[in-house]
Amino acid sequence: MSQSLSKLFTHIIFHIKYTSVKIRKEDKDELYAYIGSIIKDNESIPIMINGIEGHVHILCVMSKNIALAKLVEEIKRHSSRWIKTKGSYYRKFAWQGGYGGFSVSPSLHDKTKRYIQNQERHHQKVSFKEEYLIFLKKYGVDYNEEYLWNDFY
């Protein structure tokens, strides 16, 4: 084949560090727009970005030219620097070291988009920790609980 083609829908989840301040509601939209621009700068396509005060969900189409770890590193590094310019409240802002990355089949694209869109309502019933464990189990991801939450609590 003379051309490399791909369309990889990816659901990315990451949380703030336990020592961090929470994301204020009034800053969410601007933060998510900024994260979207970082994704675009990395030749990927943001589809839906949302979350609550402690974590973010991203649904995107990943570029064939970047690894998931590199994309998440870029998102965290640049968004963390950016949010610190929003005033002294965010002086101690930091993302946790880890992340979750999950493939999304085209048939589940719309369902995943709605799920991300409805984060506030979803988290009235389910904590982030419960949610994350559900994803890990659903996708059959091996993990060591000893290290899973070491910068979360």
# chains A, B, ... in the order shown; residues from 1 in each chain; ligands from 1

$ select_by_dssp --residues "range 58-97 of chain A" --states "strand (DSSP E)" --output "list in words"
Ile58, Leu59, Cys60, Val61 and Met62 of chain A

$ residues_around --residues "range 61-65 of chain A" --least-positions-apart "3" --cutoff "8 Å" --atoms "only C-alpha atoms" --output "PyMOL selection string"
chain A and resi 4-10+42-47+68

$ write_last_selection --atoms "C-alpha atoms" --output "compact mmCIF listing (two decimals), in the first residue's frame"
# COMPACT_ATOMS: atom_id res chain seq x y z
CA SER A 4 -1.21 5.04 5.28
CA LEU A 5 -4.82 5.48 6.35
CA SER A 6 -6.54 5.18 9.70
CA LYS A 7 -9.54 6.36 11.68
CA LEU A 8 -9.05 5.62 15.36
CA PHE A 9 -11.77 6.88 17.70
CA THR A 10 -10.24 7.15 21.16
CA ASN A 42 -1.33 17.32 17.00
CA GLU A 43 -3.10 16.46 13.73
CA SER A 44 -6.01 14.82 15.56
CA ILE A 45 -9.69 15.71 15.57
CA PRO A 46 -11.54 16.60 18.80
CA ILE A 47 -15.13 15.35 18.81
CA LEU A 68 -1.63 7.94 22.47

$ residues_around --residues "Gly98 in chain A" --least-positions-apart "4" --cutoff "10 Å" --atoms "only C-alpha atoms" --output "tab-separated table (two decimals) with C-alpha atoms, in the first residue's frame"
chain	number	residue	atom	x	y	z
A	13	ILE	CA	-9.85	10.02	30.60
A	14	PHE	CA	-7.60	11.70	33.15
A	15	HIS	CA	-7.96	13.28	36.57
A	16	ILE	CA	-6.40	16.15	38.45
A	17	LYS	CA	-3.69	15.34	40.96
A	69	ALA	CA	0.93	8.56	25.24
A	72	VAL	CA	-2.02	12.84	26.24
A	73	GLU	CA	1.36	14.25	27.31
A	147	TYR	CA	-0.50	2.21	41.86
A	148	LEU	CA	-3.81	3.14	40.28
A	149	TRP	CA	-4.70	5.82	42.81
A	150	ASN	CA	-1.28	6.91	44.11
A	151	ASP	CA	-1.64	10.51	42.88
A	152	PHE	CA	-5.42	10.54	43.21

$ residues_around --residues "Gln119 in chain A" --least-positions-apart "6" --cutoff "10 Å" --atoms "only C-alpha atoms" --output "PyMOL selection string"
chain A and resi 50-52+55-57+126

$ atom_distance --atom1 "CA of Gly97 in chain A" --atom2 "CA of Glu30 in chain A"
22.5 Å

$ closest_residue --among "A:Ser2, A:Lys40, A:His11, A:Val21" --to "Tyr89 in chain A" --atoms "only C-alpha atoms"
A:Val21

$ residues_around --residues "Ile58 in chain A" --least-positions-apart "6" --cutoff "6 Å" --atoms "only C-alpha atoms" --output "ChimeraX atom specification"
/A:11-12,48-49

$ closest_residue --among "A:Ser79, A:Leu71, A:Phe128, A:Lys138" --to "Phe102 in chain A" --atoms "only C-alpha atoms"
A:Lys138

$ residues_around --residues "Trp82 in chain A" --least-positions-apart "2" --cutoff "12 Å" --atoms "only C-alpha atoms" --output "PDB file with C-alpha atoms, in the first residue's frame"
ATOM      1  CA  ASP A  27     -13.468  27.952  33.308  1.00  0.00           C
ATOM      2  CA  GLU A  30     -12.523  27.729  27.794  1.00  0.00           C
ATOM      3  CA  LEU A  31     -10.313  24.890  29.069  1.00  0.00           C
ATOM      4  CA  TYR A  32     -12.055  22.362  26.841  1.00  0.00           C
ATOM      5  CA  ALA A  33     -11.738  24.661  23.825  1.00  0.00           C
ATOM      6  CA  TYR A  34      -8.036  25.000  24.578  1.00  0.00           C
ATOM      7  CA  ILE A  35      -7.655  21.227  24.872  1.00  0.00           C
ATOM      8  CA  SER A  37      -6.859  23.270  19.954  1.00  0.00           C
ATOM      9  CA  ILE A  38      -4.022  21.143  21.374  1.00  0.00           C
ATOM     10  CA  GLU A  74       0.869  17.209  24.965  1.00  0.00           C
ATOM     11  CA  ILE A  75      -2.696  17.815  26.166  1.00  0.00           C
ATOM     12  CA  LYS A  76      -1.726  17.725  29.839  1.00  0.00           C
ATOM     13  CA  ARG A  77       1.473  19.745  29.505  1.00  0.00           C
ATOM     14  CA  HIS A  78      -0.012  22.577  27.470  1.00  0.00           C
ATOM     15  CA  SER A  79      -3.394  22.753  29.242  1.00  0.00           C
ATOM     16  CA  SER A  80      -1.730  22.767  32.666  1.00  0.00           C
ATOM     17  CA  LYS A  84      -2.121  28.565  35.386  1.00  0.00           C
ATOM     18  CA  THR A  85      -2.332  31.833  33.410  1.00  0.00           C
ATOM     19  CA  LYS A  86      -5.986  32.137  34.499  1.00  0.00           C
ATOM     20  CA  GLY A  87      -5.126  33.547  37.895  1.00  0.00           C
ATOM     21  CA  TYR A  90      -4.785  27.762  39.593  1.00  0.00           C
ATOM     22  CA  ARG A  91      -1.233  28.239  40.873  1.00  0.00           C
ATOM     23  CA  PHE A  93      -3.076  23.048  39.361  1.00  0.00           C
ATOM     24  CA  ALA A  94      -1.737  19.706  38.100  1.00  0.00           C
TER      25      ALA A  94
END

$ select_by_dssp --residues "chain A" --states "helix (DSSP H, G or I)" --output "VMD selection string"
chain A and resid 25 to 41 68 to 86 88 to 90 106 to 117 119 to 122 128 to 138 145 to 148

$ write_last_selection --atoms "C-alpha atoms" --output "short mmCIF file (atom, residue, chain, number, x, y, z; two decimals), in the first residue's frame"
data_model
loop_
_atom_site.label_atom_id
_atom_site.label_comp_id
_atom_site.auth_asym_id
_atom_site.auth_seq_id
_atom_site.Cartn_x
_atom_site.Cartn_y
_atom_site.Cartn_z
CA LYS A 25 -17.31 25.61 36.31
CA GLU A 26 -16.81 29.05 34.81
CA ASP A 27 -13.47 27.95 33.31
CA LYS A 28 -14.54 24.58 31.87
CA ASP A 29 -15.66 25.71 28.41
CA GLU A 30 -12.52 27.73 27.79
CA LEU A 31 -10.31 24.89 29.07
CA TYR A 32 -12.06 22.36 26.84
CA ALA A 33 -11.74 24.66 23.82
CA TYR A 34 -8.04 25.00 24.58
CA ILE A 35 -7.66 21.23 24.87
CA GLY A 36 -9.43 20.95 21.52
CA SER A 37 -6.86 23.27 19.95
CA ILE A 38 -4.02 21.14 21.37
CA ILE A 39 -5.60 18.05 19.84
CA LYS A 40 -5.86 19.81 16.47
CA ASP A 41 -2.24 21.00 16.73
CA LEU A 68 -1.63 7.94 22.47
CA ALA A 69 0.93 8.56 25.24
CA LYS A 70 2.42 11.48 23.30
CA LEU A 71 -0.99 13.03 22.58
CA VAL A 72 -2.02 12.84 26.24
CA GLU A 73 1.36 14.25 27.31
CA GLU A 74 0.87 17.21 24.97
CA ILE A 75 -2.70 17.82 26.17
CA LYS A 76 -1.73 17.72 29.84
CA ARG A 77 1.47 19.74 29.50
CA HIS A 78 -0.01 22.58 27.47
CA SER A 79 -3.39 22.75 29.24
CA SER A 80 -1.73 22.77 32.67
CA ARG A 81 0.51 25.66 31.67
CA TRP A 82 -2.39 27.49 30.09
CA ILE A 83 -4.79 27.18 33.05
CA LYS A 84 -2.12 28.57 35.39
CA THR A 85 -2.33 31.83 33.41
CA LYS A 86 -5.99 32.14 34.50
CA SER A 88 -3.67 32.71 41.27
CA TYR A 89 -6.44 30.18 42.04
CA TYR A 90 -4.79 27.76 39.59
CA PRO A 106 -17.70 3.49 15.03
CA SER A 107 -20.96 1.83 16.11
CA LEU A 108 -20.48 3.23 19.66
CA HIS A 109 -19.33 6.70 18.59
CA ASP A 110 -22.69 8.43 19.24
CA LYS A 111 -23.26 6.60 22.54
CA THR A 112 -19.78 7.59 23.76
CA LYS A 113 -20.33 11.19 22.68
CA ARG A 114 -23.60 11.34 24.66
CA TYR A 115 -21.92 9.73 27.67
CA ILE A 116 -19.20 12.39 27.67
CA GLN A 117 -21.75 15.15 27.10
CA GLN A 119 -20.89 13.93 32.74
CA GLU A 120 -22.49 16.15 35.37
CA ARG A 121 -25.65 14.05 35.49
CA HIS A 122 -23.67 10.79 35.37
CA PHE A 128 -14.89 8.94 39.29
CA LYS A 129 -13.19 5.99 40.96
CA GLU A 130 -16.19 3.72 40.31
CA GLU A 131 -16.46 4.97 36.73
CA TYR A 132 -12.79 4.39 35.99
CA LEU A 133 -12.84 0.86 37.42
CA ILE A 134 -15.87 0.08 35.24
CA PHE A 135 -13.91 1.17 32.14
CA LEU A 136 -10.86 -0.87 33.11
CA LYS A 137 -12.95 -3.98 33.70
CA LYS A 138 -15.08 -3.48 30.57
CA GLU A 145 -4.72 -1.06 42.43
CA GLU A 146 -1.71 -0.17 44.59
CA TYR A 147 -0.50 2.21 41.86
CA LEU A 148 -3.81 3.14 40.28
#

$ atom_distance --atom1 "CA of Asp142 in chain A" --atom2 "CA of Ile23 in chain A"
29.4 Å

$ atom_distance --atom1 "CA of Glu53 in chain A" --atom2 "CA of Lys22 in chain A"
5.2 Å
